[in-house]
Amino acid sequence: YEELQVSSLVGDAFRVTNAGEATSQGVEADVRWMLTERLTTGGALAWLDATYEDFEGATCTVPQIMDPVNNPGCLRSNGSNVAVPPPIQDGGQDLGGETLLFAPEWSANWNVEYIMPVGDDLELRTGVDMHHSGSYYSALDLDPNTKHDSYVMWNARIALASSDDTW
């Protein structure tokens, strides 16, 4: 992406800025198998490399603003580190080479479904699925406090349906 526009929350207002350039590339594979007439399974695996190629002037993190000595990286326009807490001079951080928000490197899912006839007109459909997500940031400034750890989420369902799929 060239001239990528992004928005971040600064105080109680959103700041829209130009993030320069970003590259997003990856590979995804999906499979689905019908093991028997009633049992189906499937899954997917994805690898993502999504980084800002050029992003100077990104919003500084709260730790950079509140304690700039111990959290360097918030830079003035002349390139020097902002070194005093609020009231802060204008500044921003360089996120070039860093990951985009909401962009886990790895993600995967797996599912299995079993359909069992119930009488002549009904089916009992049961399923389990798993979703895995690698760690990712949920704030544009990539504040360490907004980093979400990797997780696995499980879901299960049971449904009664008509065998002709009308409901």
# chains A, B, ... in the order shown; residues from 1 in each chain; ligands from 1
$ select_by_dssp --residues "chain A" --states "helix (DSSP H, G or I)" --output "PyMOL selection string"
chain A and resi 62-66+144-146
$ write_last_selection --atoms "N, CA and C atoms" --output "PDB file, in the first residue's frame"
ATOM      1  N   VAL A  62       1.308   5.613  25.207  1.00  0.00           N
ATOM      2  CA  VAL A  62       1.122   6.256  26.512  1.00  0.00           C
ATOM      3  C   VAL A  62       2.393   6.150  27.349  1.00  0.00           C
ATOM      4  N   PRO A  63       3.066   4.977  27.436  1.00  0.00           N
ATOM      5  CA  PRO A  63       4.319   4.933  28.193  1.00  0.00           C
ATOM      6  C   PRO A  63       5.387   5.894  27.654  1.00  0.00           C
ATOM      7  N   GLN A  64       5.448   6.057  26.323  1.00  0.00           N
ATOM      8  CA  GLN A  64       6.426   6.996  25.756  1.00  0.00           C
ATOM      9  C   GLN A  64       6.116   8.428  26.157  1.00  0.00           C
ATOM     10  N   ILE A  65       4.843   8.761  26.272  1.00  0.00           N
ATOM     11  CA  ILE A  65       4.445  10.122  26.634  1.00  0.00           C
ATOM     12  C   ILE A  65       4.599  10.366  28.133  1.00  0.00           C
ATOM     13  N   MET A  66       4.184   9.390  28.948  1.00  0.00           N
ATOM     14  CA  MET A  66       4.192   9.569  30.395  1.00  0.00           C
ATOM     15  C   MET A  66       5.571   9.375  31.025  1.00  0.00           C
ATOM     16  N   PRO A 144       2.727  -1.691  23.918  1.00  0.00           N
ATOM     17  CA  PRO A 144       2.817  -3.045  24.466  1.00  0.00           C
ATOM     18  C   PRO A 144       1.590  -3.442  25.290  1.00  0.00           C
ATOM     19  N   ASN A 145       0.891  -2.479  25.860  1.00  0.00           N
ATOM     20  CA  ASN A 145      -0.310  -2.774  26.636  1.00  0.00           C
ATOM     21  C   ASN A 145      -1.483  -3.210  25.762  1.00  0.00           C
ATOM     22  N   THR A 146      -1.382  -3.043  24.453  1.00  0.00           N
ATOM     23  CA  THR A 146      -2.459  -3.451  23.550  1.00  0.00           C
ATOM     24  C   THR A 146      -2.097  -4.702  22.754  1.00  0.00           C
TER      25      THR A 146
END
$ closest_atom_pairs --of "stretch 20-75 of chain A" --to "stretch 123-137 of chain A" --cutoff "10 Å" --atoms "only C-alpha atoms" --output "tab-separated table"
residue	atom	partner	partner_atom	distance
A:Arg38	CA	A:Arg125	CA	9.4
A:Leu39	CA	A:Gly127	CA	9.7
A:Thr40	CA	A:Gly127	CA	9.4
A:Thr41	CA	A:Asp129	CA	9.4
A:Gly42	CA	A:Asp129	CA	9.3
A:Gly43	CA	A:Met130	CA	9.0
A:Ala44	CA	A:His131	CA	9.4
A:Leu45	CA	A:His132	CA	9.3
A:Ala46	CA	A:Ser133	CA	9.7
A:Trp47	CA	A:Gly134	CA	9.8
$ closest_residue --among "A:Arg76, A:Asp94, A:Phe14, A:Leu122" --to "A:Glu56" --atoms "only C-alpha atoms"
A:Asp94
$ select_by_dssp --residues "chain A" --states "strand (DSSP E)" --output "NGL selection string"
:A and (5-10 or 13-18 or 21-34 or 39-54 or 106-118 or 122-133 or 136-137 or 147-148 or 151-162)
$ atom_distance --atom1 "atom CA of A:Ala103" --atom2 "atom CA of A:Gly73"
22.0 Å
$ closest_residue --among "A:Asp54, A:Asp120, A:Asp67, A:Glu21" --to "A:Ala161" --atoms "only C-alpha atoms"
A:Asp120
$ atom_distance --atom1 "atom CA of A:Asn71" --atom2 "atom CA of A:Gly20"
24.0 Å
$ atom_distance --atom1 "atom CA of A:Gly26" --atom2 "atom CA of A:Tyr52"
14.7 Å
$ closest_residue --among "A:Ser107, A:Leu100, A:Gly57, A:Glu28" --to "A:Tyr1" --atoms "only C-alpha atoms"
A:Leu100
